[in-house]
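Peer 1: Provided herewith is a single structure, encoded as structure tokens, for subsequent inquiry.
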Amino acid sequence: MSAPEISDALLRTADLLAHERMPGGYRLMVLKQAQIASRARPGQFVHLRVPRLRDRILRRPFSIFKVEGDEISIIYKCVGTGTDVLACAPAGDRVSLLGPLGNGFPEPGADSFPLLVGGGYGAGAVYMTARRSPVKGAVFIGGRSADDILCAEDYEQLGWPVHLASEDGTRGQRGMVTDALDDWLAGRAEGLKIEIFACGPHPMLAAVAERAIAIDCQAWISLDRPMGCGVGACLACVQKIRSQDGDWVYARTCKEGPVFECRDISWKDLSS
Amino acid sequence: MKPDLSVEIGSLKMRNPVTVASGTFGYGPEYAGLIDINRLGAMTVKGISPEPVSGNPTPRIVEVPCGMINAIGLQNPGMEAFCKDYLPFFNDFDTPVIVNIWGRSVDDYAKVARRLTDEDLVSAFEINVSCPNIKEGSKAFGTRMDSFRRVIEVVRKVTGKPIIPKLAPQVPAIAEYALAAQECGADGVSLINTIPAMAVDLQTRRPVLGNVVGGLSGPAIHPVALKQVWEAASAIEIPIIAMGGISTAKDALEFLLVGATAVAVGTENFANPEASMQIVDGIESYLIENGIGSVAEFSGSLRI
């Protein structure tokens, strides 16, 4: 863990402009908060206080999906008490936001070919990278079923080739997103310098890391760990990461992360 | 007229009675962009031991109704890195710094207290004898009277700065421990630390936390803490820094009412980083509205 620096994160009230129900229990939330929007970079997150969440006290971290002008969008799935209550917040609500937080994705190198890999709502977390990338690459989106494949149209609108895979075969090719990735890698042009940017369930991320190591390319992985403060104070969200001198040390997912290069992650310590 | 918010814990002078609970506010910079640290009565930093400590396996946190259970395991950079890389930050502030110290042996406590006494930026020590997340040392010191006394006596010998033992809530009689701290030369006591707790996962049939057990904090523990602060305050003359589930000025005022001199905001910082500022303002408003001239006058004014 590095000595702490003062972060540029802000604590602000945001206006909830739109809150859309999507198939599969997903939600799209559009929040208006100009100052946080203007500071947000790809791969960062906001720590949101769920309105009227009476007997639960902690904020919830959400990856930033889109930033457009002074609006921030997030995509989430209802997975428990916090997100179930959040889903009831109507447009017009006011929401306390802390952000932008975390050390996000680096910008793809000018000489590299970016591959974005997203599983479930993780597909949203790599969108800003596509939006701001100097080079158009390819996107791989996977999920259990058709409803779990998100944001495909958003990437198509950017003109990125989109490769889809669902485990039950209801959308795109049948199988895992890494199967689609493997097919693409098998046919890639020789000498292409690939750089991977990924967010999704941990087994998917581990499978992506295996590919990156096999083809000797960098892969930037966004992790999701149980989190407390979100600003680096409580040391709850740590993950074992390889330090500069090669030792495994606990790094804060909220501060040094959530994005780490796949070789720096101690995958066997990535519980749950 | 503005009420006098200032309080004293031995020679530690606080401009108001509000500090933050160790471990919930990092080492200062983490929240410095979000609140004005100069408006805190004191800054209490996360626990420091002689050597760096990597902490417990993950997961380290789980949310429960009205609270959370943590098992961080006192991860910290060790006293030398703390002095070199973390402490200089406070050169830019005039808020006194309370350093929470701990060790795995009595010698460890002496070592870290001696080292940090040399640092001008350190104003006082909170002696952590009650962390529930360390398998040896810390917890045992706080729940056995002989070792509890020994740690305080040893730290007292090596520093002239105020020392404030942090009491474990799970002792049979908190008043006896508070009294023992006073007898051993403590300048104040702080209470309560988190309450030993556990969460399990019915799906996996495993404990949720990597450390199996942890410490409960948050609004759930406030009434427990209130009773213990009241009992301790009834037994001792030295001041109390009270903590346990403070989220609003009302919670803080309740602690002052039963006899605390100062309060620490903990878990609520995670939900509302501005809580400590709002609590300072809320205490002031309450004193004005009720025509009370000072925090000192209000402390311990419970009518029974």
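Identifiers for the structure tokens are assigned positionally: chains receive A, B, ... in sequence, residues are indexed from 1 per chain, and ligands are indexed from 1 in the order shown.
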Within 7 Å of chain B, which residues of chain A show up? Give each one with its shortest atom-to-atom distance in Å (one decimal) and the two atoms involved, counting only C-alpha atoms, rows by chain then rising residue number, as JSON lines.
Peer 2:
{"residue": "A:Ala3", "atom": "CA", "partner": "B:Asp85", "partner_atom": "CA", "distance": 5.9}
{"residue": "A:Pro4", "atom": "CA", "partner": "B:Pro29", "partner_atom": "CA", "distance": 6.0}
{"residue": "A:Glu5", "atom": "CA", "partner": "B:Pro29", "partner_atom": "CA", "distance": 5.7}
{"residue": "A:Ile6", "atom": "CA", "partner": "B:Pro29", "partner_atom": "CA", "distance": 4.9}
{"residue": "A:Ser7", "atom": "CA", "partner": "B:Gly33", "partner_atom": "CA", "distance": 6.2}
{"residue": "A:Asp8", "atom": "CA", "partner": "B:Gly33", "partner_atom": "CA", "distance": 6.5}
{"residue": "A:Leu10", "atom": "CA", "partner": "B:Leu34", "partner_atom": "CA", "distance": 6.5}
{"residue": "A:Leu11", "atom": "CA", "partner": "B:Leu34", "partner_atom": "CA", "distance": 6.7}
{"residue": "A:Arg49", "atom": "CA", "partner": "B:Ala271", "partner_atom": "CA", "distance": 6.9}
{"residue": "A:Asp55", "atom": "CA", "partner": "B:Cys66", "partner_atom": "CA", "distance": 4.8}
{"residue": "A:Arg56", "atom": "CA", "partner": "B:Cys66", "partner_atom": "CA", "distance": 5.4}
{"residue": "A:Ile57", "atom": "CA", "partner": "B:Ala271", "partner_atom": "CA", "distance": 6.2}
{"residue": "A:Leu58", "atom": "CA", "partner": "B:Ala271", "partner_atom": "CA", "distance": 5.3}
{"residue": "A:Arg59", "atom": "CA", "partner": "B:Ala271", "partner_atom": "CA", "distance": 5.6}
{"residue": "A:Pro226", "atom": "CA", "partner": "B:Ile61", "partner_atom": "CA", "distance": 6.6}
{"residue": "A:Gly228", "atom": "CA", "partner": "B:Phe270", "partner_atom": "CA", "distance": 6.3}
{"residue": "A:Cys229", "atom": "CA", "partner": "B:Phe270", "partner_atom": "CA", "distance": 4.4}
{"residue": "A:Val231", "atom": "CA", "partner": "B:Glu30", "partner_atom": "CA", "distance": 5.8}
{"residue": "A:Gly232", "atom": "CA", "partner": "B:Glu30", "partner_atom": "CA", "distance": 6.1}
{"residue": "A:Ala233", "atom": "CA", "partner": "B:Gly26", "partner_atom": "CA", "distance": 3.9}
{"residue": "A:Cys234", "atom": "CA", "partner": "B:Thr24", "partner_atom": "CA", "distance": 5.5}
{"residue": "A:Leu235", "atom": "CA", "partner": "B:Ile72", "partner_atom": "CA", "distance": 6.6}
{"residue": "A:Ala236", "atom": "CA", "partner": "B:Arg60", "partner_atom": "CA", "distance": 5.1}
{"residue": "A:Tyr250", "atom": "CA", "partner": "B:Ser54", "partner_atom": "CA", "distance": 6.8}
Peer 1: Considering only C-alpha atoms, return as a list in words whatever protein or nucleic-acid residues lie within 12 Å of Arg188 (chain A), sequence-local ones (same chain, fewer than 5 positions apart) excluded.
Peer 2: Phe113, Leu115, Gly137, Ala138, Leu181, Asp182, Asp183, Lys193, Ile194 and Ile215 of chain A
Peer 1: Could you please take those selected residues and save C-alpha atoms as a PDB file, in the first residue's frame?
Peer 2:
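The resulting file, result_17.pdb, is reproduced below:
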ATOM      1  CA  PHE A 113      -5.257  -3.120 -30.743  1.00  0.00           C
ATOM      2  CA  LEU A 115      -9.994  -5.918 -27.058  1.00  0.00           C
ATOM      3  CA  GLY A 137     -10.659  -2.555 -31.590  1.00  0.00           C
ATOM      4  CA  ALA A 138     -13.184  -5.296 -30.930  1.00  0.00           C
ATOM      5  CA  LEU A 181     -12.399 -14.484 -27.759  1.00  0.00           C
ATOM      6  CA  ASP A 182     -10.483 -17.699 -28.545  1.00  0.00           C
ATOM      7  CA  ASP A 183     -12.077 -17.903 -32.022  1.00  0.00           C
ATOM      8  CA  LYS A 193      -0.167  -5.939 -30.498  1.00  0.00           C
ATOM      9  CA  ILE A 194      -3.213  -6.768 -28.435  1.00  0.00           C
ATOM     10  CA  ILE A 215      -0.571 -14.807 -26.051  1.00  0.00           C
TER      11      ILE A 215
END
Peer 1: Nearest residue to Asp92 (chain B) out of B:Ala249, B:Ile37, B:Leu302, B:Leu216, using only C-alpha atoms?
Peer 2: B:Ile37
Peer 1: Write out as an mmCIF file with N, CA and C atoms, in the first residue's frame the residues lying within 10 Å of Arg114 (chain B), counting only C-alpha atoms and excluding same-chain residues fewer than 2 positions away.
Peer 2:
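Result file result24.cif:
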data_model
loop_
_atom_site.group_PDB
_atom_site.id
_atom_site.type_symbol
_atom_site.label_atom_id
_atom_site.label_comp_id
_atom_site.auth_asym_id
_atom_site.auth_seq_id
_atom_site.Cartn_x
_atom_site.Cartn_y
_atom_site.Cartn_z
ATOM 1 N N ASP B 108 6.164 -4.486 22.547
ATOM 2 C CA ASP B 108 5.736 -3.813 21.318
ATOM 3 C C ASP B 108 5.059 -2.481 21.636
ATOM 4 N N TYR B 109 4.178 -2.495 22.612
ATOM 5 C CA TYR B 109 3.474 -1.261 22.982
ATOM 6 C C TYR B 109 4.478 -0.187 23.429
ATOM 7 N N ALA B 110 5.454 -0.616 24.240
ATOM 8 C CA ALA B 110 6.459 0.326 24.726
ATOM 9 C C ALA B 110 7.276 0.885 23.567
ATOM 10 N N LYS B 111 7.608 -0.008 22.645
ATOM 11 C CA LYS B 111 8.455 0.369 21.515
ATOM 12 C C LYS B 111 7.783 1.440 20.653
ATOM 13 N N VAL B 112 6.535 1.207 20.305
ATOM 14 C CA VAL B 112 5.847 2.147 19.414
ATOM 15 C C VAL B 112 5.532 3.456 20.147
ATOM 16 N N LEU B 116 7.096 7.090 18.889
ATOM 17 C CA LEU B 116 6.196 8.160 18.438
ATOM 18 C C LEU B 116 6.183 9.345 19.405
ATOM 19 N N THR B 117 6.617 9.123 20.630
ATOM 20 C CA THR B 117 6.711 10.237 21.579
ATOM 21 C C THR B 117 7.696 11.291 21.072
ATOM 22 N N ASP B 118 8.700 10.833 20.315
ATOM 23 C CA ASP B 118 9.691 11.763 19.756
ATOM 24 C C ASP B 118 9.118 12.658 18.662
ATOM 25 N N GLU B 119 7.951 12.323 18.144
ATOM 26 C CA GLU B 119 7.381 13.076 17.025
ATOM 27 C C GLU B 119 6.482 14.203 17.552
ATOM 28 N N VAL B 155 3.385 1.675 28.986
ATOM 29 C CA VAL B 155 3.293 2.829 28.078
ATOM 30 C C VAL B 155 3.425 4.134 28.883
ATOM 31 N N ARG B 156 2.835 4.130 30.083
ATOM 32 C CA ARG B 156 2.923 5.320 30.952
ATOM 33 C C ARG B 156 4.374 5.674 31.258
ATOM 34 N N LYS B 157 5.193 4.633 31.445
ATOM 35 C CA LYS B 157 6.607 4.862 31.780
ATOM 36 C C LYS B 157 7.392 5.502 30.636
ATOM 37 N N VAL B 158 6.990 5.196 29.383
ATOM 38 C CA VAL B 158 7.833 5.647 28.266
ATOM 39 C C VAL B 158 7.331 6.925 27.608
ATOM 40 N N THR B 159 6.174 7.438 28.005
ATOM 41 C CA THR B 159 5.698 8.674 27.374
ATOM 42 C C THR B 159 5.035 9.612 28.379
ATOM 43 N N GLY B 160 5.288 10.896 28.158
ATOM 44 C CA GLY B 160 4.611 11.903 28.970
ATOM 45 C C GLY B 160 3.371 12.426 28.281
#
Peer 1: Which of region 158-220 of chain B end up as helix (DSSP H, G or I) when DSSP is run on this backbone - answer as a list of chain:residue names?
Peer 2: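 Of region 158-220 of chain B, only B:Val158, B:Ile174, B:Ala175, B:Glu176, B:Tyr177, B:Ala178, B:Leu179, B:Ala180, B:Ala181, B:Gln182, B:Glu183, B:Pro219, B:Ala220 fall in helix (DSSP H, G or I).
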Peer 1: Identify which of the residues B:Gly291, B:Gly78, B:Gly215, B:Gly188 lies closest to Ser130 (chain B), counting only C-alpha atoms when measuring atom-to-atom distances.
Peer 2: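 Smallest distance to Ser130 (chain B) is found for B:Gly215.
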Peer 1: Taking only C-alpha atoms into account, name the residue in A:Ala198, A:Ala152, A:Ala206, A:Met22 that is nearest to Gly119 (chain A).
Peer 2: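 Once distances to Gly119 (chain A) are computed over only C-alpha atoms, the minimum belongs to A:Ala198.
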Peer 1: Find the residues around Leu167 (chain B) up to 9 Å (only C-alpha atoms counted), leave out those fewer than 2 positions away in its own chain, and share them as a list in words.
Peer 2: Ile127, Asn128, Val129, Ser130, Gly142, Thr143, Pro165, Pro169, Gln170, Val171, Ile174, Tyr177, Ala178, Val189, Ser190, Leu191, Ile192 and Asn193 of chain B
Peer 1: Hey, can you spit out that residue selection with C-alpha atoms as a PDB file, in the first residue's frame?
Peer 2:
ATOM      1  CA  ILE B 127      -3.791   2.261  23.363  1.00  0.00           C
ATOM      2  CA  ASN B 128      -5.571  -0.476  21.480  1.00  0.00           C
ATOM      3  CA  VAL B 129      -5.962  -3.322  23.935  1.00  0.00           C
ATOM      4  CA  SER B 130      -9.259  -4.467  22.508  1.00  0.00           C
ATOM      5  CA  GLY B 142      -7.856  -5.934  26.960  1.00  0.00           C
ATOM      6  CA  THR B 143      -9.832  -8.768  28.495  1.00  0.00           C
ATOM      7  CA  PRO B 165      -6.629   2.960  26.590  1.00  0.00           C
ATOM      8  CA  PRO B 169     -16.943  -4.100  25.367  1.00  0.00           C
ATOM      9  CA  GLN B 170     -16.930  -7.810  26.205  1.00  0.00           C
ATOM     10  CA  VAL B 171     -15.297  -7.580  29.646  1.00  0.00           C
ATOM     11  CA  ILE B 174     -16.407  -2.223  32.136  1.00  0.00           C
ATOM     12  CA  TYR B 177     -11.356  -1.801  33.611  1.00  0.00           C
ATOM     13  CA  ALA B 178     -11.970   1.936  33.398  1.00  0.00           C
ATOM     14  CA  VAL B 189     -10.251   6.019  28.287  1.00  0.00           C
ATOM     15  CA  SER B 190     -12.050   5.419  25.004  1.00  0.00           C
ATOM     16  CA  LEU B 191     -14.915   3.016  24.549  1.00  0.00           C
ATOM     17  CA  ILE B 192     -16.299   0.939  23.046  1.00  0.00           C
ATOM     18  CA  ASN B 193     -14.320  -1.013  20.501  1.00  0.00           C
TER      19      ASN B 193
END
Peer 1: Extract, using only C-alpha atoms, all DNA, RNA and protein residues at most 12 Å from Gly109 (chain A), discarding same-chain residues fewer than 2 positions from it, and format them as a list in words.
Peer 2: Phe105, Pro106, Glu107, Asp111, Ser112, Phe113, Pro114, Leu115, Thr129, Arg132, Ser133, Pro134, Val135, Lys136, Gly137, Lys193, Ile194, Glu195, Ile196, Phe197 and Gln218 of chain A
Peer 1: Write a file of the just-selected residues containing N, CA and C atoms, as a PDB file, in the first residue's frame.
Peer 2:
ATOM      1  N   PHE A 105      -8.966   2.209 -15.983  1.00  0.00           N
ATOM      2  CA  PHE A 105      -8.202   1.620 -17.090  1.00  0.00           C
ATOM      3  C   PHE A 105      -7.236   2.644 -17.666  1.00  0.00           C
ATOM      4  N   PRO A 106      -6.021   2.215 -18.019  1.00  0.00           N
ATOM      5  CA  PRO A 106      -5.150   3.124 -18.759  1.00  0.00           C
ATOM      6  C   PRO A 106      -5.702   3.308 -20.173  1.00  0.00           C
ATOM      7  N   GLU A 107      -5.292   4.379 -20.822  1.00  0.00           N
ATOM      8  CA  GLU A 107      -5.721   4.555 -22.210  1.00  0.00           C
ATOM      9  C   GLU A 107      -4.996   3.510 -23.074  1.00  0.00           C
ATOM     10  N   ASP A 111      -0.218   2.191 -30.382  1.00  0.00           N
ATOM     11  CA  ASP A 111       0.215   1.113 -31.273  1.00  0.00           C
ATOM     12  C   ASP A 111      -0.456  -0.216 -30.945  1.00  0.00           C
ATOM     13  N   SER A 112      -1.433  -0.187 -30.008  1.00  0.00           N
ATOM     14  CA  SER A 112      -2.038  -1.469 -29.634  1.00  0.00           C
ATOM     15  C   SER A 112      -3.458  -1.580 -30.167  1.00  0.00           C
ATOM     16  N   PHE A 113      -3.915  -2.831 -30.251  1.00  0.00           N
ATOM     17  CA  PHE A 113      -5.257  -3.120 -30.743  1.00  0.00           C
ATOM     18  C   PHE A 113      -6.087  -3.531 -29.529  1.00  0.00           C
ATOM     19  N   PRO A 114      -7.036  -2.664 -29.080  1.00  0.00           N
ATOM     20  CA  PRO A 114      -7.752  -2.967 -27.839  1.00  0.00           C
ATOM     21  C   PRO A 114      -8.867  -3.982 -28.025  1.00  0.00           C
ATOM     22  N   LEU A 115      -8.881  -4.974 -27.131  1.00  0.00           N
ATOM     23  CA  LEU A 115      -9.994  -5.918 -27.058  1.00  0.00           C
ATOM     24  C   LEU A 115     -10.705  -5.675 -25.727  1.00  0.00           C
ATOM     25  N   THR A 129     -13.750   3.222 -22.193  1.00  0.00           N
ATOM     26  CA  THR A 129     -12.475   2.928 -22.855  1.00  0.00           C
ATOM     27  C   THR A 129     -12.664   2.925 -24.377  1.00  0.00           C
ATOM     28  N   ARG A 132     -13.160   6.490 -25.690  1.00  0.00           N
ATOM     29  CA  ARG A 132     -11.994   7.382 -25.688  1.00  0.00           C
ATOM     30  C   ARG A 132     -10.759   6.772 -26.330  1.00  0.00           C
ATOM     31  N   SER A 133     -10.891   5.553 -26.842  1.00  0.00           N
ATOM     32  CA  SER A 133      -9.716   4.891 -27.419  1.00  0.00           C
ATOM     33  C   SER A 133      -9.290   5.556 -28.724  1.00  0.00           C
ATOM     34  N   PRO A 134      -7.985   5.767 -28.927  1.00  0.00           N
ATOM     35  CA  PRO A 134      -7.509   6.336 -30.202  1.00  0.00           C
ATOM     36  C   PRO A 134      -7.673   5.363 -31.369  1.00  0.00           C
ATOM     37  N   VAL A 135      -7.803   4.072 -31.054  1.00  0.00           N
ATOM     38  CA  VAL A 135      -7.897   3.031 -32.084  1.00  0.00           C
ATOM     39  C   VAL A 135      -9.186   2.242 -31.871  1.00  0.00           C
ATOM     40  N   LYS A 136      -9.860   1.890 -32.962  1.00  0.00           N
ATOM     41  CA  LYS A 136     -11.029   1.008 -32.838  1.00  0.00           C
ATOM     42  C   LYS A 136     -10.552  -0.436 -32.764  1.00  0.00           C
ATOM     43  N   GLY A 137     -11.029  -1.149 -31.742  1.00  0.00           N
ATOM     44  CA  GLY A 137     -10.659  -2.555 -31.590  1.00  0.00           C
ATOM     45  C   GLY A 137     -11.866  -3.436 -31.773  1.00  0.00           C
ATOM     46  N   LYS A 193      -0.433  -6.112 -31.932  1.00  0.00           N
ATOM     47  CA  LYS A 193      -0.167  -5.939 -30.498  1.00  0.00           C
ATOM     48  C   LYS A 193      -1.493  -5.739 -29.760  1.00  0.00           C
ATOM     49  N   ILE A 194      -1.898  -6.779 -29.081  1.00  0.00           N
ATOM     50  CA  ILE A 194      -3.213  -6.768 -28.435  1.00  0.00           C
ATOM     51  C   ILE A 194      -3.107  -6.266 -26.998  1.00  0.00           C
ATOM     52  N   GLU A 195      -4.128  -5.528 -26.575  1.00  0.00           N
ATOM     53  CA  GLU A 195      -4.225  -5.078 -25.186  1.00  0.00           C
ATOM     54  C   GLU A 195      -5.676  -5.316 -24.754  1.00  0.00           C
ATOM     55  N   ILE A 196      -5.861  -6.023 -23.630  1.00  0.00           N
ATOM     56  CA  ILE A 196      -7.216  -6.409 -23.211  1.00  0.00           C
ATOM     57  C   ILE A 196      -7.688  -5.560 -22.028  1.00  0.00           C
ATOM     58  N   PHE A 197      -8.971  -5.222 -22.046  1.00  0.00           N
ATOM     59  CA  PHE A 197      -9.625  -4.467 -20.977  1.00  0.00           C
ATOM     60  C   PHE A 197     -10.879  -5.245 -20.589  1.00  0.00           C
ATOM     61  N   GLN A 218      -0.869  -7.620 -22.583  1.00  0.00           N
ATOM     62  CA  GLN A 218      -1.341  -7.057 -21.322  1.00  0.00           C
ATOM     63  C   GLN A 218      -2.855  -7.166 -21.230  1.00  0.00           C
TER      64      GLN A 218
END
Peer 1: As a list in words, please: the residues near Gly300 (chain B) (cut-off 8 Å, only C-alpha atoms, same-chain neighbours under 3 positions excluded).
Peer 2: Ala233, Leu256, Leu257, Val258, Gly259 and Ala260 of chain B
Peer 1: Export N, CA and C atoms of the chosen residues as a short mmCIF file (atom, residue, chain, number, x, y, z; two decimals), in the first residue's frame?
Peer 2:
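Below you can see out.cif, which holds the result:
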data_model
loop_
_atom_site.label_atom_id
_atom_site.label_comp_id
_atom_site.auth_asym_id
_atom_site.auth_seq_id
_atom_site.Cartn_x
_atom_site.Cartn_y
_atom_site.Cartn_z
N ALA B 233 -18.33 6.04 33.17
CA ALA B 233 -18.31 7.43 33.64
C ALA B 233 -18.68 7.52 35.11
N LEU B 256 -22.43 12.29 25.52
CA LEU B 256 -21.98 13.39 26.39
C LEU B 256 -22.87 13.46 27.63
N LEU B 257 -24.16 13.29 27.41
CA LEU B 257 -25.12 13.36 28.52
C LEU B 257 -24.81 12.34 29.61
N VAL B 258 -24.44 11.11 29.22
CA VAL B 258 -24.18 10.07 30.23
C VAL B 258 -22.77 10.17 30.80
N GLY B 259 -22.00 11.15 30.36
CA GLY B 259 -20.73 11.37 31.03
C GLY B 259 -19.48 11.39 30.18
N ALA B 260 -19.61 11.21 28.86
CA ALA B 260 -18.42 11.29 28.01
C ALA B 260 -17.96 12.75 27.90
#
Peer 1: I need the residue nearest Ala89 (chain A) from this list: A:Arg27, A:Gly246, A:Lys32, A:His19. Use only C-alpha atoms for the distance.
Peer 2: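 The shortest atom-to-atom distance to Ala89 (chain A) comes from A:His19.
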Peer 1: List the spatial neighbours of Ile36 (chain A) as a list in words - criterion: any atom at most 10 Å away, only C-alpha atoms, same-chain residues fewer than 2 positions off excluded.
Peer 2: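 The contact residues come out as Asp8, Ala9, Leu10, Leu11, Arg12, Ala14, Lys32, Gln33, Ala34, Ser38, Arg39, Ala40, Arg41, Val46, Val67, Asp70, Glu71, Ile72, Leu97, Leu98, Gly99, Pro100 and Leu101 of chain A.
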Peer 1: Could you pull out the residues in region 159-215 of chain A that DSSP calls strand (DSSP E) from the backbone, as a PyMOL selection string?
Peer 2: chain A and resi 162-166+173-174+194-199
Peer 1: Write the residues of the selection above to a file with N, CA and C atoms, as a PDB file, in the first residue's frame.
Peer 2:
ATOM      1  N   VAL A 162     -18.688  -6.188 -32.721  1.00  0.00           N
ATOM      2  CA  VAL A 162     -19.164  -6.760 -31.464  1.00  0.00           C
ATOM      3  C   VAL A 162     -19.330  -8.269 -31.604  1.00  0.00           C
ATOM      4  N   HIS A 163     -18.748  -9.030 -30.679  1.00  0.00           N
ATOM      5  CA  HIS A 163     -18.843 -10.489 -30.688  1.00  0.00           C
ATOM      6  C   HIS A 163     -19.600 -10.924 -29.446  1.00  0.00           C
ATOM      7  N   LEU A 164     -20.687 -11.660 -29.637  1.00  0.00           N
ATOM      8  CA  LEU A 164     -21.556 -12.016 -28.524  1.00  0.00           C
ATOM      9  C   LEU A 164     -21.525 -13.509 -28.252  1.00  0.00           C
ATOM     10  N   ALA A 165     -21.653 -13.859 -26.975  1.00  0.00           N
ATOM     11  CA  ALA A 165     -21.741 -15.274 -26.592  1.00  0.00           C
ATOM     12  C   ALA A 165     -22.659 -15.411 -25.392  1.00  0.00           C
ATOM     13  N   SER A 166     -23.592 -16.355 -25.477  1.00  0.00           N
ATOM     14  CA  SER A 166     -24.421 -16.664 -24.305  1.00  0.00           C
ATOM     15  C   SER A 166     -24.285 -18.147 -24.002  1.00  0.00           C
ATOM     16  N   GLN A 173     -23.054 -16.517 -30.206  1.00  0.00           N
ATOM     17  CA  GLN A 173     -22.662 -17.925 -30.253  1.00  0.00           C
ATOM     18  C   GLN A 173     -22.892 -18.591 -28.900  1.00  0.00           C
ATOM     19  N   ARG A 174     -23.119 -19.908 -28.910  1.00  0.00           N
ATOM     20  CA  ARG A 174     -23.331 -20.629 -27.658  1.00  0.00           C
ATOM     21  C   ARG A 174     -21.983 -20.873 -26.994  1.00  0.00           C
ATOM     22  N   ILE A 194      -1.898  -6.779 -29.081  1.00  0.00           N
ATOM     23  CA  ILE A 194      -3.213  -6.768 -28.435  1.00  0.00           C
ATOM     24  C   ILE A 194      -3.107  -6.266 -26.998  1.00  0.00           C
ATOM     25  N   GLU A 195      -4.128  -5.528 -26.575  1.00  0.00           N
ATOM     26  CA  GLU A 195      -4.225  -5.078 -25.186  1.00  0.00           C
ATOM     27  C   GLU A 195      -5.676  -5.316 -24.754  1.00  0.00           C
ATOM     28  N   ILE A 196      -5.861  -6.023 -23.630  1.00  0.00           N
ATOM     29  CA  ILE A 196      -7.216  -6.409 -23.211  1.00  0.00           C
ATOM     30  C   ILE A 196      -7.688  -5.560 -22.028  1.00  0.00           C
ATOM     31  N   PHE A 197      -8.971  -5.222 -22.046  1.00  0.00           N
ATOM     32  CA  PHE A 197      -9.625  -4.467 -20.977  1.00  0.00           C
ATOM     33  C   PHE A 197     -10.879  -5.245 -20.589  1.00  0.00           C
ATOM     34  N   ALA A 198     -10.962  -5.685 -19.325  1.00  0.00           N
ATOM     35  CA  ALA A 198     -12.057  -6.609 -18.996  1.00  0.00           C
ATOM     36  C   ALA A 198     -12.718  -6.297 -17.668  1.00  0.00           C
ATOM     37  N   CYS A 199     -14.038  -6.533 -17.629  1.00  0.00           N
ATOM     38  CA  CYS A 199     -14.799  -6.440 -16.387  1.00  0.00           C
ATOM     39  C   CYS A 199     -15.928  -7.456 -16.446  1.00  0.00           C
TER      40      CYS A 199
END
Peer 1: At what distance in Å, to one decimal, does CA of Gly124 (chain A) lie from CA of Arg54 (chain A)?
Peer 2: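 One can read the CA of Arg54 (chain A) to CA of Gly124 (chain A) distance as 28.5 Å.
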